[in-house]
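Below is protein-v5.cif, which holds mmCIF, C-alpha atoms and all ligand atoms.
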data_target
loop_
_atom_site.label_atom_id
_atom_site.label_comp_id
_atom_site.auth_asym_id
_atom_site.auth_seq_id
_atom_site.Cartn_x
_atom_site.Cartn_y
_atom_site.Cartn_z
CA MET A 1 -15.18 5.93 11.61
CA PRO A 2 -17.65 6.44 8.78
CA ASP A 3 -16.65 4.63 5.59
CA PRO A 4 -16.34 7.23 2.83
CA ALA A 5 -18.14 6.46 -0.42
CA PRO A 6 -15.45 4.78 -2.52
CA ALA A 7 -13.87 7.05 -5.10
CA PRO A 8 -13.01 5.72 -8.60
CA VAL A 9 -10.08 3.29 -8.76
CA ILE A 10 -7.07 4.66 -10.68
CA LEU A 11 -6.44 2.98 -14.04
CA GLY A 12 -3.53 3.57 -16.40
CA ASN A 13 -5.49 4.20 -19.57
CA GLU A 14 -5.61 8.00 -19.67
CA THR A 15 -2.94 9.20 -22.09
CA GLY A 16 -0.89 12.00 -20.53
CA SER A 17 -1.66 10.88 -16.97
CA PHE A 18 1.07 9.83 -14.53
CA PRO A 19 -0.14 6.19 -14.32
CA HIS A 20 -0.16 5.95 -18.11
CA SER A 21 3.42 7.25 -18.26
CA VAL A 22 4.54 4.62 -15.75
CA LEU A 23 3.12 1.78 -17.85
CA ALA A 24 4.15 3.22 -21.23
CA GLU A 25 7.54 4.72 -20.34
CA ARG A 26 8.82 3.74 -16.89
CA HIS A 27 8.35 0.00 -17.35
CA PRO A 28 10.25 -0.09 -20.67
CA ALA A 29 13.01 2.00 -19.03
CA ILE A 30 13.19 -0.50 -16.18
CA ILE A 31 13.61 -3.35 -18.67
CA ARG A 32 16.45 -1.41 -20.34
CA GLN A 33 18.08 -0.79 -16.98
CA VAL A 34 17.87 -4.46 -16.01
CA ARG A 35 19.49 -5.51 -19.31
CA ALA A 36 22.29 -3.03 -18.73
CA SER A 37 22.86 -4.08 -15.12
CA LEU A 38 23.61 -7.78 -15.56
CA PRO A 39 24.81 -9.89 -18.54
CA TYR A 40 21.72 -11.98 -19.11
CA GLY A 41 22.05 -14.71 -21.76
CA PRO A 42 20.02 -15.07 -25.00
CA GLU A 43 17.11 -16.92 -23.38
CA ARG A 44 16.66 -14.18 -20.79
CA GLN A 45 17.07 -11.46 -23.43
CA ARG A 46 14.27 -13.08 -25.46
CA ALA A 47 12.06 -13.25 -22.39
CA LEU A 48 12.72 -9.54 -21.72
CA ASP A 49 11.88 -8.71 -25.38
CA ALA A 50 8.64 -10.64 -25.02
CA LEU A 51 7.75 -8.85 -21.77
CA LEU A 52 8.49 -5.46 -23.32
CA ALA A 53 6.16 -6.13 -26.25
CA ASP A 54 3.56 -7.65 -24.00
CA CYS A 55 3.39 -4.92 -21.36
CA THR A 56 3.29 -2.04 -23.83
CA GLU A 57 1.18 -3.40 -26.69
CA GLY A 58 -0.20 -6.74 -25.61
CA VAL A 59 -2.56 -8.06 -23.01
CA ILE A 60 -2.00 -9.51 -19.56
CA GLU A 61 -0.80 -13.09 -20.02
CA PRO A 62 -1.22 -15.75 -17.33
CA LEU A 63 1.74 -17.05 -15.32
CA PRO A 64 3.42 -20.26 -16.48
CA PRO A 65 1.31 -23.28 -15.43
CA ASP A 66 4.00 -24.44 -12.98
CA ALA A 67 4.45 -21.04 -11.28
CA HIS A 68 5.03 -21.57 -7.54
CA ASP A 69 2.60 -18.78 -6.73
CA GLY A 70 -0.04 -19.45 -9.40
CA ASP A 71 -2.79 -20.05 -6.84
CA ARG A 72 -1.89 -16.92 -4.96
CA TRP A 73 -2.06 -14.77 -8.08
CA ALA A 74 -5.34 -16.42 -9.08
CA ALA A 75 -6.73 -15.34 -5.70
CA TRP A 76 -5.26 -11.87 -6.24
CA GLY A 77 -7.22 -11.37 -9.48
CA LEU A 78 -5.12 -12.83 -12.30
CA ASP A 79 -7.98 -14.97 -13.58
CA THR A 80 -10.14 -11.85 -13.83
CA TYR A 81 -7.55 -9.63 -15.52
CA ALA A 82 -5.77 -12.09 -17.87
CA GLY A 83 -6.53 -11.21 -21.49
CA GLN A 84 -7.16 -7.51 -20.75
CA SER A 85 -4.88 -4.61 -21.66
CA TRP A 86 -2.35 -3.68 -18.96
CA PHE A 87 -3.75 -0.15 -19.22
CA ASP A 88 -7.40 -1.03 -18.55
CA VAL A 89 -7.11 -2.82 -15.19
CA PRO A 90 -6.39 -1.15 -11.81
CA TRP A 91 -3.02 0.56 -12.13
CA LEU A 92 -1.85 -0.82 -8.80
CA TRP A 93 -2.57 -4.31 -10.07
CA SER A 94 -0.85 -4.00 -13.45
CA GLU A 95 2.26 -2.37 -11.97
CA SER A 96 2.61 -5.11 -9.39
CA TYR A 97 2.12 -7.83 -11.99
CA PHE A 98 4.79 -6.22 -14.17
CA TYR A 99 7.40 -6.85 -11.46
CA ARG A 100 6.20 -10.44 -11.05
CA ARG A 101 6.59 -11.02 -14.79
CA LEU A 102 9.96 -9.27 -14.89
CA LEU A 103 11.27 -11.67 -12.25
CA ASP A 104 10.08 -14.57 -14.39
CA ALA A 105 11.82 -13.12 -17.44
CA VAL A 106 15.18 -12.92 -15.64
CA GLY A 107 14.86 -16.41 -14.15
CA TYR A 108 14.54 -15.21 -10.57
CA PHE A 109 12.26 -18.03 -9.52
CA GLY A 110 14.51 -20.64 -11.14
CA PRO A 111 15.59 -23.34 -11.40
CA GLY A 112 18.78 -22.18 -13.07
CA PRO A 113 21.82 -20.02 -12.44
CA GLU A 114 19.81 -16.81 -12.20
CA GLN A 115 17.61 -18.15 -9.41
CA ALA A 116 17.30 -15.59 -6.58
CA ILE A 117 19.59 -13.11 -8.35
CA ASP A 118 18.09 -9.67 -7.68
CA PRO A 119 18.06 -7.82 -11.05
CA PHE A 120 18.08 -4.51 -9.18
CA ARG A 121 20.95 -5.32 -6.82
CA PRO A 122 23.62 -3.47 -8.87
CA VAL A 123 21.69 -0.19 -8.76
CA LYS A 124 20.78 -0.65 -5.10
CA LEU A 125 24.42 -1.27 -4.14
CA THR A 126 25.69 1.68 -6.17
CA GLU A 127 23.40 3.89 -4.16
CA LEU A 128 24.22 2.33 -0.79
CA ASP A 129 27.94 2.72 -1.44
CA ALA A 130 27.69 6.30 -2.77
CA PRO A 131 29.59 9.13 -1.03
CA ALA A 132 26.22 10.82 -0.38
CA THR A 133 25.37 7.94 1.98
CA ASP A 134 28.64 8.58 3.87
CA GLU A 135 27.71 12.24 4.24
CA GLU A 136 24.28 11.34 5.62
CA LEU A 137 25.82 8.92 8.10
CA ALA A 138 28.47 11.45 9.18
CA ALA A 139 25.69 13.95 9.95
CA LEU A 140 24.61 11.65 12.81
CA ASP A 141 27.67 12.72 14.81
CA GLY A 142 26.24 16.24 15.11
CA LEU A 143 22.93 14.88 16.37
CA GLU A 144 24.42 13.04 19.34
CA THR A 145 24.70 16.17 21.48
CA ARG A 146 21.14 17.33 20.75
CA PRO A 147 18.33 16.81 23.31
CA PRO A 148 16.54 13.43 22.84
CA ASP A 149 13.29 15.00 21.56
CA GLU A 150 15.11 17.00 18.93
CA ARG A 151 17.10 13.93 17.90
CA ALA A 152 13.90 11.89 17.68
CA GLN A 153 12.22 14.47 15.45
CA ALA A 154 15.35 14.70 13.23
CA LEU A 155 15.44 10.90 12.84
CA LEU A 156 11.72 10.85 12.03
CA HIS A 157 12.27 13.43 9.31
CA GLY A 158 15.31 11.52 8.06
CA SER A 159 13.14 8.46 7.59
CA LEU A 160 10.38 10.54 5.97
CA TRP A 161 12.60 12.34 3.46
CA GLY A 162 14.63 9.19 2.88
CA ASN A 163 11.61 8.17 0.83
CA ARG A 164 13.01 10.29 -2.01
CA ALA A 165 15.60 7.51 -2.45
CA ASP A 166 13.33 5.72 -4.92
CA LEU A 167 15.25 4.41 -7.91
CA GLY A 168 12.14 3.75 -10.01
CA PHE A 169 11.06 7.36 -9.59
CA ARG A 170 14.54 8.65 -10.42
CA LEU A 171 14.55 6.61 -13.62
CA SER A 172 11.63 8.74 -14.80
CA ALA A 173 12.95 11.96 -13.24
CA GLY A 174 16.23 11.84 -15.20
CA GLY A 175 18.32 10.52 -12.30
CA ASP A 176 17.78 13.38 -9.89
CA THR A 177 16.61 13.24 -6.30
CA PRO A 178 13.85 15.84 -6.06
CA ALA A 179 14.44 18.83 -3.80
CA ALA A 180 12.47 18.94 -0.56
CA ALA A 181 9.77 21.62 -0.34
CA PRO A 182 9.71 23.41 3.02
CA GLY A 183 6.99 22.27 5.38
CA LEU A 184 4.75 19.21 5.24
CA VAL A 185 1.33 19.09 3.59
CA ALA A 186 0.03 17.29 6.71
CA ASP A 187 1.88 16.81 9.98
CA ASP A 188 0.44 14.55 12.68
CA SER A 189 3.85 13.98 14.28
CA ARG A 190 2.58 15.05 17.71
CA THR A 191 0.06 12.21 17.59
CA LEU A 192 2.73 9.84 16.37
CA TRP A 193 4.95 10.59 19.37
CA SER A 194 1.99 10.25 21.74
CA LEU A 195 1.67 6.64 20.53
CA LEU A 196 5.33 5.97 21.36
CA PRO A 197 5.71 7.23 24.94
CA PRO A 198 9.19 7.13 26.54
CA SER A 199 8.34 4.14 28.72
CA GLY A 200 6.66 2.12 25.98
CA THR A 201 6.40 -1.63 26.25
CA GLY A 202 4.84 -2.21 22.85
CA THR A 203 5.96 -3.25 19.39
CA LEU A 204 6.63 -0.98 16.44
CA CYS A 205 5.89 -2.40 13.01
CA LEU A 206 7.62 -0.51 10.23
CA VAL A 207 6.45 -1.39 6.73
CA ALA A 208 9.55 -0.45 4.77
CA ASP A 209 9.72 0.94 1.27
CA ASN A 210 13.06 1.48 -0.48
CA ALA A 211 16.43 -0.09 0.33
CA GLY A 212 19.65 1.91 0.65
CA ARG A 213 19.25 5.55 1.49
CA GLU A 214 15.67 5.11 2.72
CA LEU A 215 16.20 1.90 4.67
CA VAL A 216 19.26 3.26 6.48
CA PRO A 217 17.34 6.14 8.12
CA ASP A 218 14.44 3.75 8.82
CA LEU A 219 16.87 1.53 10.72
CA LEU A 220 18.30 4.53 12.57
CA LEU A 221 14.81 5.55 13.66
CA MET A 222 14.10 2.04 14.91
CA ALA A 223 17.44 1.92 16.74
CA HIS A 224 16.59 5.19 18.45
CA LEU A 225 13.10 4.07 19.50
CA LEU A 226 14.49 0.85 20.96
CA ALA A 227 17.37 2.60 22.71
CA GLU A 228 15.12 5.30 24.19
CA GLY A 229 12.70 2.65 25.46
CA ARG A 230 9.79 3.98 23.41
CA VAL A 231 9.18 0.44 22.13
CA GLU A 232 10.32 -2.93 23.39
CA ARG A 233 10.34 -4.69 20.04
CA ALA A 234 10.47 -3.63 16.40
CA VAL A 235 9.36 -5.61 13.37
CA LEU A 236 10.60 -4.53 9.98
CA HIS A 237 8.33 -5.63 7.13
CA VAL A 238 10.12 -5.86 3.79
CA LYS A 239 9.30 -7.38 0.40
CA PRO A 240 9.85 -11.12 -0.05
CA HIS A 241 11.35 -10.51 -3.50
CA PRO A 242 12.62 -7.63 -5.64
CA TYR A 243 9.88 -5.12 -6.41
CA TYR A 244 9.43 -1.57 -7.73
CA VAL A 245 13.18 -1.44 -8.46
CA SER A 246 14.51 -0.36 -5.09
CA ASP A 247 12.06 -1.85 -2.58
CA ALA A 248 13.87 -3.45 0.35
CA THR A 249 14.18 -7.23 0.65
CA PRO A 250 15.76 -9.21 3.54
CA ALA A 251 19.10 -9.23 1.66
CA ASP A 252 18.96 -5.43 1.45
CA VAL A 253 18.43 -5.23 5.22
CA LEU A 254 21.64 -7.21 5.74
CA ASP A 255 23.50 -4.95 3.30
CA ALA A 256 22.26 -1.86 5.13
CA LEU A 257 23.18 -3.29 8.55
CA ARG A 258 26.66 -4.18 7.36
CA ARG A 259 27.03 -0.69 5.88
CA LEU A 260 26.05 0.86 9.21
CA THR A 261 28.27 -1.31 11.39
CA ALA A 262 31.25 -0.55 9.15
CA ALA A 263 30.68 3.22 9.40
CA PRO A 264 32.77 5.43 11.69
CA GLY A 265 31.39 7.50 14.57
CA ALA A 266 27.78 7.53 15.74
CA ALA A 267 26.53 5.64 12.67
CA GLY A 268 28.68 2.64 13.57
CA ALA A 269 27.32 2.71 17.13
CA TYR A 270 23.75 2.70 15.78
CA GLY A 271 24.72 -0.22 13.55
CA ARG A 272 26.13 -2.23 16.45
CA ARG A 273 23.01 -1.58 18.54
CA LEU A 274 20.84 -2.80 15.66
CA TRP A 275 23.03 -5.85 15.20
CA ALA A 276 22.61 -6.69 18.91
CA ALA A 277 18.85 -6.07 18.74
CA THR A 278 18.63 -8.47 15.80
CA THR A 279 20.62 -11.20 17.48
CA ASP A 280 18.63 -10.96 20.74
CA GLY A 281 15.25 -10.85 18.96
CA ARG A 282 14.16 -7.27 19.72
CA LEU A 283 14.37 -6.45 16.02
CA THR A 284 12.93 -8.94 13.55
CA VAL A 285 12.50 -8.89 9.79
CA ARG A 286 9.32 -10.15 8.12
CA ALA A 287 8.80 -10.76 4.40
CA HIS A 288 5.12 -11.59 4.14
CA PRO A 289 3.87 -12.57 0.63
CA PHE A 290 1.14 -9.91 0.90
CA SER A 291 3.86 -7.24 0.95
CA CYS A 292 4.16 -7.84 -2.82
CA ALA A 293 0.41 -8.19 -3.42
CA PRO A 294 -1.28 -6.04 -6.08
CA LEU A 295 -4.02 -5.15 -3.60
CA PRO A 296 -4.82 -2.51 -1.02
CA TYR A 297 -4.13 -3.22 2.65
CA ALA A 298 -7.88 -3.29 3.30
CA GLU A 299 -7.69 -6.80 1.79
CA MET A 300 -4.82 -8.01 3.97
CA PRO A 301 -4.95 -11.61 5.21
CA ASP A 302 -5.86 -12.47 8.79
CA ASP A 303 -2.33 -13.32 9.99
CA LEU A 304 -1.00 -9.92 8.93
CA ARG A 305 -4.06 -8.19 10.36
CA ALA A 306 -3.37 -9.89 13.71
CA GLU A 307 0.25 -8.69 13.67
CA PHE A 308 -0.67 -5.08 12.99
CA ALA A 309 -3.48 -5.29 15.57
CA GLU A 310 -0.94 -6.05 18.29
CA ALA A 311 1.47 -3.24 17.43
CA ALA A 312 1.58 -0.02 19.42
CA LEU A 313 2.03 1.65 16.04
CA THR A 314 2.48 0.55 12.44
CA VAL A 315 4.50 3.01 10.37
CA VAL A 316 3.84 2.65 6.66
CA LYS A 317 6.57 4.11 4.48
CA GLY A 318 6.47 5.56 1.00
CA ASP A 319 4.24 6.25 -1.92
CA LEU A 320 3.29 2.76 -3.02
CA ASN A 321 2.50 1.68 0.55
CA TYR A 322 0.38 4.84 0.91
CA ARG A 323 -1.56 3.93 -2.21
CA ARG A 324 -2.15 0.49 -0.71
CA LEU A 325 -3.02 1.91 2.71
CA VAL A 326 -5.68 4.37 1.58
CA GLY A 327 -6.71 2.55 -1.61
CA ASP A 328 -5.43 3.62 -5.05
CA ARG A 329 -8.43 5.85 -5.71
CA ARG A 330 -9.24 9.38 -6.76
CA TRP A 331 -10.22 10.56 -3.29
CA PRO A 332 -11.21 14.18 -2.90
CA PRO A 333 -8.02 15.46 -1.16
CA THR A 334 -9.94 16.58 1.93
CA THR A 335 -11.35 13.08 2.60
CA PRO A 336 -10.28 12.40 6.20
CA PHE A 337 -7.29 10.04 6.53
CA ALA A 338 -8.99 8.42 9.54
CA ASP A 339 -12.01 7.54 7.39
CA VAL A 340 -10.10 5.78 4.63
CA THR A 341 -7.85 3.94 7.09
CA GLY A 342 -10.65 3.09 9.54
CA TYR A 343 -10.34 -0.60 8.57
CA PHE A 344 -6.72 -0.76 9.82
CA PRO A 345 -6.55 -3.01 12.89
CA GLY A 346 -4.37 -0.72 15.04
CA PRO A 347 -2.79 2.73 15.15
CA VAL A 348 -1.17 3.53 11.82
CA ALA A 349 1.09 6.30 10.54
CA ALA A 350 1.99 7.11 6.95
CA LEU A 351 5.39 8.70 6.20
CA ARG A 352 5.40 9.53 2.52
CA THR A 353 6.84 11.83 -0.10
CA LEU A 354 4.14 12.52 -2.68
CA LYS A 355 4.91 10.74 -5.98
CA SER A 356 1.52 9.71 -7.36
CA ASP A 357 -1.95 11.21 -7.64
CA VAL A 358 -3.53 9.67 -4.55
CA ILE A 359 -3.99 11.99 -1.60
CA CYS A 360 -6.37 12.35 1.31
CA GLY A 361 -6.42 14.05 4.67
CA LEU A 362 -5.50 17.55 3.48
CA ASP A 363 -7.21 20.58 4.90
CA ALA A 364 -8.95 22.70 2.29
CA GLY A 365 -6.58 25.64 2.71
CA THR A 366 -3.50 23.49 2.15
CA GLU A 367 -4.95 21.95 -0.99
CA ALA A 368 -5.95 25.36 -2.36
CA ALA A 369 -2.47 26.77 -1.72
CA LEU A 370 -0.78 23.81 -3.41
CA VAL A 371 -3.04 24.06 -6.46
CA ALA A 372 -2.57 27.82 -6.69
CA ALA A 373 1.22 27.43 -6.62
CA GLU A 374 1.70 24.30 -8.75
CA GLY A 375 -1.51 23.18 -10.44
CA GLN A 376 -1.60 19.41 -9.84
CA ARG A 377 2.18 18.92 -10.08
CA TRP A 378 2.59 18.75 -6.27
CA ARG A 379 0.92 15.34 -6.30
CA THR A 380 3.64 13.59 -8.31
CA ALA A 381 6.80 15.73 -8.16
CA GLY A 382 8.28 14.03 -5.10
CA THR A 383 9.00 17.41 -3.49
CA HIS A 384 6.26 17.40 -0.82
CA ALA A 385 5.86 15.08 2.12
CA LEU A 386 3.38 14.18 4.83
CA ILE A 387 3.04 12.51 8.20
CA GLN A 388 -0.51 11.29 8.72
CA VAL A 389 -1.67 9.27 11.71
CA ASN A 390 -4.81 7.38 12.55
CA ALA A 391 -4.51 6.71 16.27
CA GLY A 392 -7.49 4.43 16.18
CA THR A 393 -9.51 6.72 18.45
CA ASP A 394 -10.84 10.21 18.02
CA GLY A 395 -8.87 11.36 21.04
CA GLY A 396 -5.23 12.29 21.01
CA ARG A 397 -5.15 13.48 17.41
CA GLY A 398 -3.25 16.66 16.84
CA THR A 399 -1.00 18.51 14.49
CA GLY A 400 2.48 19.91 14.58
CA ALA A 401 5.83 18.65 15.74
CA GLY A 402 6.86 17.80 19.29
CA ALA A 403 8.44 14.58 20.43
O1 LIG B 501 6.78 3.64 -3.01
P1 LIG B 501 7.79 4.66 -3.39
O2 LIG B 501 9.15 4.09 -3.53
O3 LIG B 501 7.77 5.85 -2.50
O4 LIG B 501 7.38 5.24 -4.80
C1 LIG B 501 7.04 4.38 -5.83
C2 LIG B 501 6.78 5.13 -7.09
O5 LIG B 501 7.93 5.80 -7.56
O6 LIG B 501 6.42 4.15 -7.97
C3 LIG B 501 5.05 4.25 -8.28
C4 LIG B 501 4.89 4.40 -9.71
O7 LIG B 501 5.57 3.37 -10.32
C5 LIG B 501 4.47 5.41 -7.53
O8 LIG B 501 3.66 4.93 -6.52
C6 LIG B 501 5.64 6.12 -7.00
O9 LIG B 501 5.82 7.18 -7.83
#

Spit out the file's structure as structure tokens when you get a sec.
Ligand SMILES: O=P(O)(O)OC[C@@]1(O)O[C@H](CO)[C@@H](O)[C@@H]1O
Amino acid sequence: MPDPAPAPVILGNETGSFPHSVLAERHPAIIRQVRASLPYGPERQRALDALLADCTEGVIEPLPPDAHDGDRWAAWGLDTYAGQSWFDVPWLWSESYFYRRLLDAVGYFGPGPEQAIDPFRPVKLTELDAPATDEELAALDGLETRPPDERAQALLHGSLWGNRADLGFRLSAGGDTPAAAPGLVADDSRTLWSLLPPSGTGTLCLVADNAGRELVPDLLLMAHLLAEGRVERAVLHVKPHPYYVSDATPADVLDALRRLTAAPGAAGAYGRRLWAATTDGRLTVRAHPFSCAPLPYAEMPDDLRAEFAEAALTVVKGDLNYRRLVGDRRWPPTTPFADVTGYFPGPVAALRTLKSDVICGLDAGTEAALVAAEGQRWRTAGTHALIQVNAGTDGGRGTGAGA
């Protein structure tokens, strides 16, 4: 694949832009939410005050000298960016560092009583336990009698649109889950299914995004692929620690599995199959440190590269993972997806609802229609979605549904 000329990296310093609003408004709102969620003591409150002042008006401060991951962050660019405004460095980098500093402020890395306490767990659990989750699980009963291909496509779309369950986004959107626009802005699902044939012996890697109402349909999709024999093994990549409010961690996977196994009807059966697949090793959970790195996947370490290289398909979920997959850059929207993901070591699919400016792989007519209808709002509203696939070869690519 030809490497496209790199487009400018997105920064957060343009007042009125979406990245600027995340740094100036969403991050303070997240600090408020964390304070309201758990009764942190005076020392933690002071640390949160300091972070609030720092991330809105100050400069990027280094990590404490004894930070367990100081070397890692130095390698990830902290030495370069320390002392600069949060708004003037790559937006992907400053957002990621915000979550690292937030975890410090609440004592997550210990030692102390708050060690390993997820500051976002209360909001994640509220969502997982909500009646809306019951309704989504009950809908599985109706799917059981559908032909396997139709069920597969429904579960794929469940996982795709589950990406609206993003609690950071909803904090900015006034609490609402955005409505789904009809149709997808790109749909390579036919290619996706061609990479997961019914008698598959390969491994699926799924790079998860949000916990709760996104992770549940991700798990259902994996259960289906294992049960239908489209893959022999599945590896679920989650974040090693709390991140972007609702991103899934290993603890969230256990919560979701328990939620599923306790559900009545078909959902409970899916849950039990997943439980069995976990205990016999067909489904494994990975929490690689790079999953919380402030860097694009093009810079992934060799061990992760080797894992993705062996997979029949890696499915990358969500908006943030998309930004990391294609690079958080101002690509012309018609830049081919295969070109910007040509570095990826194996077949890769993105399932994403559009919640930030980055986009590639659109055809010119689709872009023109979106702009004519919405200006640039379609990029960030969370109402549009895509399925894009780089099969790793020029053959076998296609558009449209069809499992
Ligand atoms: O990755 P997700 O959950 O789909 O979305 C994450 C998100 O809400 O957070 C970022 C801004 O903070 C954007 O990439 C996106 O809007």

Atom-to-atom span, atom CA of Ala116 of chain A and atom CA of Pro242 of chain A, Å
9.3 Å

List every residue of segment 256-375 of chain A that has an atom at most 8 Å from any atom of segment 152-170 of chain A, giving for each one its closest atom pair and the distance in Å to one decimal, counting all atoms listed in the file, sorted by chain and then by ascending residue number, as a Markdown table.
| residue | atom | partner | partner_atom | distance |
| --- | --- | --- | --- | --- |
| A:Lys317 | CA | A:Asn163 | CA | 7.4 |
| A:Gly318 | CA | A:Asn163 | CA | 5.8 |
| A:Leu351 | CA | A:Leu160 | CA | 5.3 |
| A:Arg352 | CA | A:Leu160 | CA | 6.1 |
| A:Thr353 | CA | A:Asn163 | CA | 6.1 |
| A:Lys355 | CA | A:Phe169 | CA | 7.9 |

10 Å contact set for segment 218-232 of chain A, all atoms listed in the file, chain neighbours under 6 positions out, as a PyMOL selection string
chain A and resi 137+140+148+151-160+162-163+193+195-212+253+256-257+260+267+269-275+277+282-283+311-313+317

Please produce an output containing C-alpha atoms for each residue in the selection, written as a PDB file, in the coordinates of the input.
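Okay, out.pdb is ready:
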ATOM      1  CA  LEU A 137      25.820   8.920   8.100  1.00  0.00           C
ATOM      2  CA  LEU A 140      24.610  11.650  12.810  1.00  0.00           C
ATOM      3  CA  PRO A 148      16.540  13.430  22.840  1.00  0.00           C
ATOM      4  CA  ARG A 151      17.100  13.930  17.900  1.00  0.00           C
ATOM      5  CA  ALA A 152      13.900  11.890  17.680  1.00  0.00           C
ATOM      6  CA  GLN A 153      12.220  14.470  15.450  1.00  0.00           C
ATOM      7  CA  ALA A 154      15.350  14.700  13.230  1.00  0.00           C
ATOM      8  CA  LEU A 155      15.440  10.900  12.840  1.00  0.00           C
ATOM      9  CA  LEU A 156      11.720  10.850  12.030  1.00  0.00           C
ATOM     10  CA  HIS A 157      12.270  13.430   9.310  1.00  0.00           C
ATOM     11  CA  GLY A 158      15.310  11.520   8.060  1.00  0.00           C
ATOM     12  CA  SER A 159      13.140   8.460   7.590  1.00  0.00           C
ATOM     13  CA  LEU A 160      10.380  10.540   5.970  1.00  0.00           C
ATOM     14  CA  GLY A 162      14.630   9.190   2.880  1.00  0.00           C
ATOM     15  CA  ASN A 163      11.610   8.170   0.830  1.00  0.00           C
ATOM     16  CA  TRP A 193       4.950  10.590  19.370  1.00  0.00           C
ATOM     17  CA  LEU A 195       1.670   6.640  20.530  1.00  0.00           C
ATOM     18  CA  LEU A 196       5.330   5.970  21.360  1.00  0.00           C
ATOM     19  CA  PRO A 197       5.710   7.230  24.940  1.00  0.00           C
ATOM     20  CA  PRO A 198       9.190   7.130  26.540  1.00  0.00           C
ATOM     21  CA  SER A 199       8.340   4.140  28.720  1.00  0.00           C
ATOM     22  CA  GLY A 200       6.660   2.120  25.980  1.00  0.00           C
ATOM     23  CA  THR A 201       6.400  -1.630  26.250  1.00  0.00           C
ATOM     24  CA  GLY A 202       4.840  -2.210  22.850  1.00  0.00           C
ATOM     25  CA  THR A 203       5.960  -3.250  19.390  1.00  0.00           C
ATOM     26  CA  LEU A 204       6.630  -0.980  16.440  1.00  0.00           C
ATOM     27  CA  CYS A 205       5.890  -2.400  13.010  1.00  0.00           C
ATOM     28  CA  LEU A 206       7.620  -0.510  10.230  1.00  0.00           C
ATOM     29  CA  VAL A 207       6.450  -1.390   6.730  1.00  0.00           C
ATOM     30  CA  ALA A 208       9.550  -0.450   4.770  1.00  0.00           C
ATOM     31  CA  ASP A 209       9.720   0.940   1.270  1.00  0.00           C
ATOM     32  CA  ASN A 210      13.060   1.480  -0.480  1.00  0.00           C
ATOM     33  CA  ALA A 211      16.430  -0.090   0.330  1.00  0.00           C
ATOM     34  CA  GLY A 212      19.650   1.910   0.650  1.00  0.00           C
ATOM     35  CA  VAL A 253      18.430  -5.230   5.220  1.00  0.00           C
ATOM     36  CA  ALA A 256      22.260  -1.860   5.130  1.00  0.00           C
ATOM     37  CA  LEU A 257      23.180  -3.290   8.550  1.00  0.00           C
ATOM     38  CA  LEU A 260      26.050   0.860   9.210  1.00  0.00           C
ATOM     39  CA  ALA A 267      26.530   5.640  12.670  1.00  0.00           C
ATOM     40  CA  ALA A 269      27.320   2.710  17.130  1.00  0.00           C
ATOM     41  CA  TYR A 270      23.750   2.700  15.780  1.00  0.00           C
ATOM     42  CA  GLY A 271      24.720  -0.220  13.550  1.00  0.00           C
ATOM     43  CA  ARG A 272      26.130  -2.230  16.450  1.00  0.00           C
ATOM     44  CA  ARG A 273      23.010  -1.580  18.540  1.00  0.00           C
ATOM     45  CA  LEU A 274      20.840  -2.800  15.660  1.00  0.00           C
ATOM     46  CA  TRP A 275      23.030  -5.850  15.200  1.00  0.00           C
ATOM     47  CA  ALA A 277      18.850  -6.070  18.740  1.00  0.00           C
ATOM     48  CA  ARG A 282      14.160  -7.270  19.720  1.00  0.00           C
ATOM     49  CA  LEU A 283      14.370  -6.450  16.020  1.00  0.00           C
ATOM     50  CA  ALA A 311       1.470  -3.240  17.430  1.00  0.00           C
ATOM     51  CA  ALA A 312       1.580  -0.020  19.420  1.00  0.00           C
ATOM     52  CA  LEU A 313       2.030   1.650  16.040  1.00  0.00           C
ATOM     53  CA  LYS A 317       6.570   4.110   4.480  1.00  0.00           C
TER      54      LYS A 317
END

Neighbouring residues of Phe290 of chain A were defined as those with any atom within 9 Å, considering only C-alpha atoms; residues of the same chain fewer than 4 positions away were excluded. Please report them as a list of chain:residue names.
A:Lys239, A:Pro240, A:Pro294, A:Leu295, A:Tyr297, A:Met300, A:Pro301, A:Leu304

Nearest to Ala47 of chain A among A:Glu127, A:Asp252, A:Glu14, A:Asp104, with distances taken over all atoms listed in the file: which residue is it?
A:Asp104

Can you measure atom CA of Leu63 of chain A to atom CA of His241 of chain A for me? One decimal in Å is fine.
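Distance reported for this atom pair: 16.6 Å.
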
Of the listed residues A:Phe344, A:Tyr244, A:Trp76, A:Tyr108, that which approaches ligand LIG 501 (chain B) most closely, counting all atoms listed in the file:
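Counting all atoms listed in the file, the residue closest to ligand LIG 501 (chain B) is A:Tyr244.
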
What does the distance from atom CA of Thr341 of chain A to atom CA of Val389 of chain A come to in Å, to one decimal?
9.4 Å

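Of the listed residues (A:Gln45, A:Thr15, A:Ser246, A:Thr191), A:Ser246 comes nearest to ligand LIG 501 (chain B); the distances count all atoms listed in the file.
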
Counting only C-alpha atoms and all ligand atoms, which of A:Pro333, A:Gly265, A:Pro19, A:Pro6 gets nearest to ligand LIG 501 (chain B)?
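So, comparing all the options, the nearest one is A:Pro19.
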
Name all residues at most 10 Å from segment 78-80 of chain A (count all atoms listed in the file; drop same-chain ones fewer than 6 positions away) and give them as a CSV table (one decimal) with C-alpha atoms, keeping the file's coordinate frame.
chain,number,residue,atom,x,y,z
A,60,ILE,CA,-2.0,-9.5,-19.6
A,61,GLU,CA,-0.8,-13.1,-20.0
A,62,PRO,CA,-1.2,-15.8,-17.3
A,63,LEU,CA,1.7,-17.0,-15.3
A,70,GLY,CA,0.0,-19.4,-9.4
A,71,ASP,CA,-2.8,-20.0,-6.8
A,72,ARG,CA,-1.9,-16.9,-5.0
A,89,VAL,CA,-7.1,-2.8,-15.2
A,93,TRP,CA,-2.6,-4.3,-10.1
A,94,SER,CA,-0.8,-4.0,-13.4
A,97,TYR,CA,2.1,-7.8,-12.0
A,294,PRO,CA,-1.3,-6.0,-6.1
